Amino acid sequence: GTNIDFLLNDISRQKKVSYFVSKLIIVSDGSTDNTVNEAKKSKIKLKLIVNKIRKGLANVQNTIIKYTYSDVLVLLQADIRINDAFFIEKLIKPIIEEKADLVVPSVCEMKPKTFFEKALYVSAKIKNIAYEKINNGRNVYTCRGIARAFSKNLYSEINFPISVGEDAFSYLYCIKNGFDYYFVNDAKVIFRLPTNFSDHRKQSLRFFQSQQILKEEFGKKLIKENYRLPISILLASLIENLIKNPFLTSFYIIVLFYLKFQSFFLNDINDKWVVSKSSKVVKNVQEESL
């Protein structure tokens with residue numbers, strides 16, 4: 001089966017205490033695998049929208065918003081797994097309690113298999129620890145597009161103009177327009193890191209280049225303020241991981257600086273980017289620390 005099979009099964013096992021699902025919408029954006037057929041066979045009642053030609057993530061999310069009327073909108077990318085039966089309950093709780101308009105979960109990387117994936121895994125631990133400490137996780141770095149919950153007030157107003165950096169766009173839009181952002185540590189979503197340099201390069205260059213695009217949307221001052229990282233927190237996390245995994249951490253730092261340098265010379269940002277295929281393999285949901 002395709003990844004959508006696993007995610008739909010994960011969703012079907014969710015415990016509903018303070019909410020009910022009014023509609024489940026799946027958008028297939030130029031899928032070349034068996035996603036559409038598998039979605040049609042699902043026992044879960046859903047609305048399936050098929051883009052035969054790829055239109056990009058921004059278009060997909062705007063389409064979902066167009067067909068949404070509920071008090072809360074949960075956006076999930078297909079290439080994730082959810083182990084916790086109360087994941088959605090935990091994710092939407094701050095919105096139900098009127099504490100937040102945009103809520104994101106904690107992320108867990110799947111157990112790495114390749115050497116390159118192990119290096120990324122170690123780096124992810126460095127970054128996750130640092131990000132979750134900054135303002136109790138309420139910052140642009142924790143706003144990952146793989147899973148988010150929106151209040152009706154926010155999703156009714158927001159329109160995604162870009163696919164590159166659309167997750168950061170949602171955070172910055174939220175902050176700039178007086179909405180409340182919330183990070184939920186005990187709601188965890190599982191995903192796969194790229195297993196090779198080529199796929200990681202695609203993701204990293206998109207991240208670096210997206211900041212330039214977002215400056216045009218929100219201005220340099222807001223971007224600088226929200227992307228600034230406290231050196232003390234970052235260094236403490238880095239030193240800890242250098243002690244635990246010196247070789248893998250050092251290798252990642254070299255890759256990071258190389259890609260950062262390379263990003264200065266690339267201006268051809270494709271809003272419908274080439275997919276990182278290795279990060280789409282999510283059958284194994286095992287998560288483990290090195």
# chains A, B, ... in the order shown; residues from 1 in each chain; ligands from 1

call {"tool": "closest_atom_pairs", "arguments": {"of": "segment 71-149 of chain A", "to": "segment 213-231 of chain A", "cutoff": "12 Å", "atoms": "only C-alpha atoms", "output": "CSV"}}
result
residue,atom,partner,partner_atom,distance
A:Lys127,CA,A:Leu229,CA,10.5
A:Ala130,CA,A:Leu229,CA,8.8
A:Tyr131,CA,A:Leu229,CA,8.6
A:Glu132,CA,A:Leu229,CA,11.7
A:Lys133,CA,A:Pro230,CA,9.9
A:Ile134,CA,A:Pro230,CA,7.8
A:Asn135,CA,A:Pro230,CA,10.5
A:Arg138,CA,A:Asn226,CA,10.2
A:Asn139,CA,A:Asn226,CA,6.9
A:Val140,CA,A:Asn226,CA,6.4
A:Tyr141,CA,A:Tyr227,CA,7.7
A:Thr142,CA,A:Tyr227,CA,11.2
A:Cys143,CA,A:Asn226,CA,11.7

call {"tool": "write_last_selection", "arguments": {"atoms": "N, CA, C and O atoms", "output": "mmCIF file, in the first residue's frame"}}
result
data_model
loop_
_atom_site.group_PDB
_atom_site.id
_atom_site.type_symbol
_atom_site.label_atom_id
_atom_site.label_comp_id
_atom_site.auth_asym_id
_atom_site.auth_seq_id
_atom_site.Cartn_x
_atom_site.Cartn_y
_atom_site.Cartn_z
ATOM 1 N N LYS A 127 18.890 20.361 17.323
ATOM 2 C CA LYS A 127 17.980 21.456 16.995
ATOM 3 C C LYS A 127 16.675 21.378 17.785
ATOM 4 O O LYS A 127 16.178 22.405 18.267
ATOM 5 N N ALA A 130 17.117 22.601 21.312
ATOM 6 C CA ALA A 130 17.292 24.057 21.327
ATOM 7 C C ALA A 130 15.982 24.778 21.031
ATOM 8 O O ALA A 130 15.600 25.714 21.747
ATOM 9 N N TYR A 131 15.280 24.335 19.999
ATOM 10 C CA TYR A 131 14.047 25.014 19.596
ATOM 11 C C TYR A 131 12.978 24.955 20.679
ATOM 12 O O TYR A 131 12.233 25.919 20.884
ATOM 13 N N GLU A 132 12.887 23.813 21.356
ATOM 14 C CA GLU A 132 11.846 23.656 22.367
ATOM 15 C C GLU A 132 12.134 24.457 23.636
ATOM 16 O O GLU A 132 11.246 24.675 24.457
ATOM 17 N N LYS A 133 13.375 24.908 23.781
ATOM 18 C CA LYS A 133 13.735 25.739 24.934
ATOM 19 C C LYS A 133 13.454 27.216 24.675
ATOM 20 O O LYS A 133 13.222 27.980 25.609
ATOM 21 N N ILE A 134 13.499 27.624 23.413
ATOM 22 C CA ILE A 134 13.323 29.035 23.071
ATOM 23 C C ILE A 134 11.853 29.422 23.219
ATOM 24 O O ILE A 134 10.987 28.922 22.497
ATOM 25 N N ASN A 135 11.574 30.301 24.188
ATOM 26 C CA ASN A 135 10.204 30.780 24.431
ATOM 27 C C ASN A 135 9.222 29.626 24.587
ATOM 28 O O ASN A 135 8.089 29.671 24.083
ATOM 29 N N ARG A 138 7.627 28.267 21.443
ATOM 30 C CA ARG A 138 6.789 29.161 20.638
ATOM 31 C C ARG A 138 7.684 30.028 19.747
ATOM 32 O O ARG A 138 7.978 31.181 20.064
ATOM 33 N N ASN A 139 8.115 29.441 18.646
ATOM 34 C CA ASN A 139 9.008 30.143 17.717
ATOM 35 C C ASN A 139 8.862 29.553 16.319
ATOM 36 O O ASN A 139 8.254 28.487 16.141
ATOM 37 N N VAL A 140 9.419 30.228 15.344
ATOM 38 C CA VAL A 140 9.249 29.834 13.952
ATOM 39 C C VAL A 140 9.839 28.452 13.652
ATOM 40 O O VAL A 140 9.364 27.742 12.758
ATOM 41 N N TYR A 141 10.835 28.041 14.418
ATOM 42 C CA TYR A 141 11.520 26.776 14.137
ATOM 43 C C TYR A 141 10.685 25.549 14.510
ATOM 44 O O TYR A 141 10.902 24.466 13.964
ATOM 45 N N THR A 142 9.766 25.700 15.450
ATOM 46 C CA THR A 142 8.920 24.557 15.813
ATOM 47 C C THR A 142 7.705 24.427 14.901
ATOM 48 O O THR A 142 7.000 23.419 14.945
ATOM 49 N N CYS A 143 7.471 25.441 14.072
ATOM 50 C CA CYS A 143 6.303 25.405 13.184
ATOM 51 C C CYS A 143 6.640 24.584 11.948
ATOM 52 O O CYS A 143 7.096 25.113 10.936
#

call {"tool": "select_by_dssp", "arguments": {"residues": "segment 30-273 of chain A", "states": "helix (DSSP H, G or I)", "output": "NGL selection string"}}
result
:A and (35-41 or 57-66 or 87-96 or 115-137 or 140-142 or 152-155 or 166-176 or 197-218 or 220-227 or 231-244 or 246-263)

call {"tool": "residues_around", "arguments": {"residues": "Leu24 of chain A", "least_positions_apart": "4", "cutoff": "8 Å", "atoms": "only C-alpha atoms", "output": "number ranges by chain"}}
result
A: 45-47

call {"tool": "write_last_selection", "arguments": {"atoms": "C-alpha atoms", "output": "short mmCIF file (atom, residue, chain, number, x, y, z; two decimals), in the first residue's frame"}}
result
data_model
loop_
_atom_site.label_atom_id
_atom_site.label_comp_id
_atom_site.auth_asym_id
_atom_site.auth_seq_id
_atom_site.Cartn_x
_atom_site.Cartn_y
_atom_site.Cartn_z
CA LYS A 45 -15.69 8.66 4.86
CA LEU A 46 -13.70 11.37 3.11
CA LYS A 47 -13.72 13.98 0.37
#

call {"tool": "residues_around", "arguments": {"residues": "Arg201 of chain A", "least_positions_apart": "4", "cutoff": "8 Å", "atoms": "only C-alpha atoms", "output": "ChimeraX atom specification"}}
result
/A:197,205,259

call {"tool": "write_last_selection", "arguments": {"atoms": "all heavy atoms", "output": "CSV table (one decimal), in the first residue's frame"}}
result
chain,number,residue,atom,x,y,z
A,197,PHE,N,22.3,12.5,0.8
A,197,PHE,CA,22.7,13.9,0.6
A,197,PHE,C,21.8,14.6,-0.4
A,197,PHE,O,21.4,15.8,-0.1
A,197,PHE,CB,24.1,14.0,0.2
A,197,PHE,CG,24.5,15.4,-0.1
A,197,PHE,CD1,24.8,16.3,0.9
A,197,PHE,CD2,24.7,15.9,-1.4
A,197,PHE,CE1,25.2,17.6,0.7
A,197,PHE,CE2,25.0,17.2,-1.7
A,197,PHE,CZ,25.3,18.1,-0.6
A,205,LEU,N,18.2,23.6,1.0
A,205,LEU,CA,18.2,24.8,0.2
A,205,LEU,C,16.8,25.5,0.1
A,205,LEU,O,16.8,26.7,0.1
A,205,LEU,CB,18.6,24.4,-1.3
A,205,LEU,CG,20.1,23.9,-1.4
A,205,LEU,CD1,20.4,23.6,-2.8
A,205,LEU,CD2,21.1,25.0,-0.8
A,259,LEU,N,26.1,23.6,2.5
A,259,LEU,CA,24.8,23.9,1.9
A,259,LEU,C,24.4,25.4,2.1
A,259,LEU,O,23.8,26.0,1.3
A,259,LEU,CB,23.7,23.0,2.5
A,259,LEU,CG,23.8,21.5,2.0
A,259,LEU,CD1,22.8,20.6,2.7
A,259,LEU,CD2,23.7,21.4,0.5

call {"tool": "select_by_dssp", "arguments": {"residues": "segment 17-173 of chain A", "states": "strand (DSSP E)", "output": "VMD selection string"}}
result
chain A and resid 25 to 29 47 to 51 72 to 76 80 to 81 102 to 109 147 to 151

call {"tool": "write_last_selection", "arguments": {"atoms": "N, CA, C and O atoms", "output": "short mmCIF file (atom, residue, chain, number, x, y, z; two decimals), in the first residue's frame"}}
result
data_model
loop_
_atom_site.label_atom_id
_atom_site.label_comp_id
_atom_site.auth_asym_id
_atom_site.auth_seq_id
_atom_site.Cartn_x
_atom_site.Cartn_y
_atom_site.Cartn_z
N ILE A 25 -10.63 15.58 4.43
CA ILE A 25 -10.34 15.97 3.05
C ILE A 25 -8.94 15.49 2.67
O ILE A 25 -7.98 15.75 3.38
N ILE A 26 -8.84 14.81 1.54
CA ILE A 26 -7.55 14.40 1.00
C ILE A 26 -7.36 15.05 -0.37
O ILE A 26 -8.23 14.94 -1.23
N VAL A 27 -6.23 15.72 -0.54
CA VAL A 27 -5.91 16.29 -1.85
C VAL A 27 -4.69 15.56 -2.40
O VAL A 27 -3.62 15.56 -1.79
N SER A 28 -4.87 14.93 -3.53
CA SER A 28 -3.77 14.27 -4.23
C SER A 28 -3.24 15.26 -5.26
O SER A 28 -3.92 15.58 -6.23
N ASP A 29 -2.02 15.73 -5.04
CA ASP A 29 -1.46 16.78 -5.90
C ASP A 29 -0.51 16.18 -6.92
O ASP A 29 0.70 16.15 -6.73
N LYS A 47 -13.58 13.26 1.63
CA LYS A 47 -13.72 13.98 0.37
C LYS A 47 -12.36 13.92 -0.33
O LYS A 47 -11.36 14.36 0.25
N LEU A 48 -12.33 13.38 -1.53
CA LEU A 48 -11.08 13.23 -2.26
C LEU A 48 -11.04 14.22 -3.43
O LEU A 48 -11.94 14.25 -4.27
N ILE A 49 -9.99 15.03 -3.45
CA ILE A 49 -9.77 16.00 -4.53
C ILE A 49 -8.50 15.60 -5.26
O ILE A 49 -7.45 15.42 -4.63
N VAL A 50 -8.57 15.48 -6.56
CA VAL A 50 -7.43 15.00 -7.34
C VAL A 50 -6.95 16.08 -8.31
O VAL A 50 -7.70 16.50 -9.20
N ASN A 51 -5.72 16.56 -8.09
CA ASN A 51 -5.06 17.44 -9.05
C ASN A 51 -4.22 16.57 -9.98
O ASN A 51 -3.21 16.02 -9.56
N VAL A 72 -12.21 23.94 14.05
CA VAL A 72 -10.76 23.69 14.03
C VAL A 72 -10.40 22.97 12.74
O VAL A 72 -11.11 22.06 12.30
N LEU A 73 -9.29 23.37 12.14
CA LEU A 73 -8.76 22.69 10.96
C LEU A 73 -7.42 22.08 11.32
O LEU A 73 -6.52 22.77 11.79
N VAL A 74 -7.28 20.77 11.10
CA VAL A 74 -6.01 20.08 11.30
C VAL A 74 -5.44 19.72 9.94
O VAL A 74 -6.07 18.99 9.17
N LEU A 75 -4.25 20.25 9.65
CA LEU A 75 -3.56 19.93 8.40
C LEU A 75 -2.46 18.91 8.68
O LEU A 75 -1.59 19.15 9.51
N LEU A 76 -2.51 17.79 7.98
CA LEU A 76 -1.50 16.74 8.13
C LEU A 76 -0.94 16.39 6.76
O LEU A 76 -1.70 16.19 5.81
N ILE A 80 3.63 10.91 7.27
CA ILE A 80 3.88 10.90 8.71
C ILE A 80 3.18 9.71 9.33
O ILE A 80 2.36 9.06 8.69
N ARG A 81 3.51 9.41 10.57
CA ARG A 81 2.81 8.40 11.35
C ARG A 81 2.45 8.98 12.70
O ARG A 81 3.14 9.85 13.23
N LEU A 102 -3.03 28.88 16.29
CA LEU A 102 -2.17 27.98 15.52
C LEU A 102 -1.39 27.12 16.50
O LEU A 102 -0.71 27.64 17.39
N VAL A 103 -1.53 25.80 16.38
CA VAL A 103 -0.89 24.87 17.32
C VAL A 103 -0.08 23.84 16.54
O VAL A 103 -0.54 23.30 15.54
N VAL A 104 1.13 23.57 17.03
CA VAL A 104 1.99 22.57 16.40
C VAL A 104 2.42 21.54 17.43
O VAL A 104 2.51 21.84 18.63
N PRO A 105 2.69 20.30 16.99
CA PRO A 105 3.14 19.25 17.90
C PRO A 105 4.66 19.15 17.95
O PRO A 105 5.37 19.79 17.17
N SER A 106 5.15 18.31 18.83
CA SER A 106 6.56 17.94 18.84
C SER A 106 6.79 16.93 17.72
O SER A 106 5.86 16.21 17.33
N VAL A 107 8.00 16.88 17.18
CA VAL A 107 8.30 15.94 16.09
C VAL A 107 9.31 14.89 16.55
O VAL A 107 10.23 15.19 17.31
N CYS A 108 9.12 13.67 16.10
CA CYS A 108 10.04 12.57 16.41
C CYS A 108 10.53 11.96 15.10
O CYS A 108 9.72 11.61 14.23
N GLU A 109 11.82 11.85 14.98
CA GLU A 109 12.40 11.27 13.77
C GLU A 109 12.44 9.74 13.90
O GLU A 109 12.74 9.20 14.96
N ALA A 147 2.42 18.87 10.46
CA ALA A 147 1.20 18.78 11.27
C ALA A 147 0.94 20.11 11.97
O ALA A 147 1.80 20.62 12.67
N ARG A 148 -0.26 20.66 11.77
CA ARG A 148 -0.66 21.92 12.40
C ARG A 148 -2.16 21.94 12.61
O ARG A 148 -2.91 21.33 11.84
N ALA A 149 -2.59 22.66 13.64
CA ALA A 149 -4.02 22.88 13.87
C ALA A 149 -4.29 24.38 13.84
O ALA A 149 -3.54 25.17 14.40
N PHE A 150 -5.38 24.78 13.16
CA PHE A 150 -5.74 26.18 12.99
C PHE A 150 -7.13 26.44 13.58
O PHE A 150 -8.04 25.63 13.40
N SER A 151 -7.27 27.58 14.25
CA SER A 151 -8.61 28.00 14.67
C SER A 151 -9.36 28.49 13.45
O SER A 151 -8.76 28.85 12.43
#

call {"tool": "residues_around", "arguments": {"residues": "Leu256 of chain A", "least_positions_apart": "2", "cutoff": "12 Å", "atoms": "only C-alpha atoms", "output": "PyMOL selection string"}}
result
chain A and resi 119-120+123+197+200-201+203-205+207-208+249-254+258-263

call {"tool": "closest_residue", "arguments": {"among": "A:Ser18, A:Ile11, A:Leu193, A:Met110", "to": "Phe87 of chain A", "atoms": "only C-alpha atoms"}}
result
A:Ile11

call {"tool": "closest_residue", "arguments": {"among": "A:Tyr173, A:Glu157, A:Asp79, A:Asp5", "to": "Val36 of chain A", "atoms": "only C-alpha atoms"}}
result
A:Asp5

call {"tool": "closest_residue", "arguments": {"among": "A:Val21, A:Ile239, A:Leu234, A:Ala168", "to": "Tyr69 of chain A", "atoms": "only C-alpha atoms"}}
result
A:Val21

call {"tool": "atom_distance", "arguments": {"atom1": "atom CA of Phe183 of chain A", "atom2": "atom CA of Asp199 of chain A"}}
result
27.5 Å

call {"tool": "atom_distance", "arguments": {"atom1": "atom CA of Ile126 of chain A", "atom2": "atom CA of Val255 of chain A"}}
result
14.9 Å
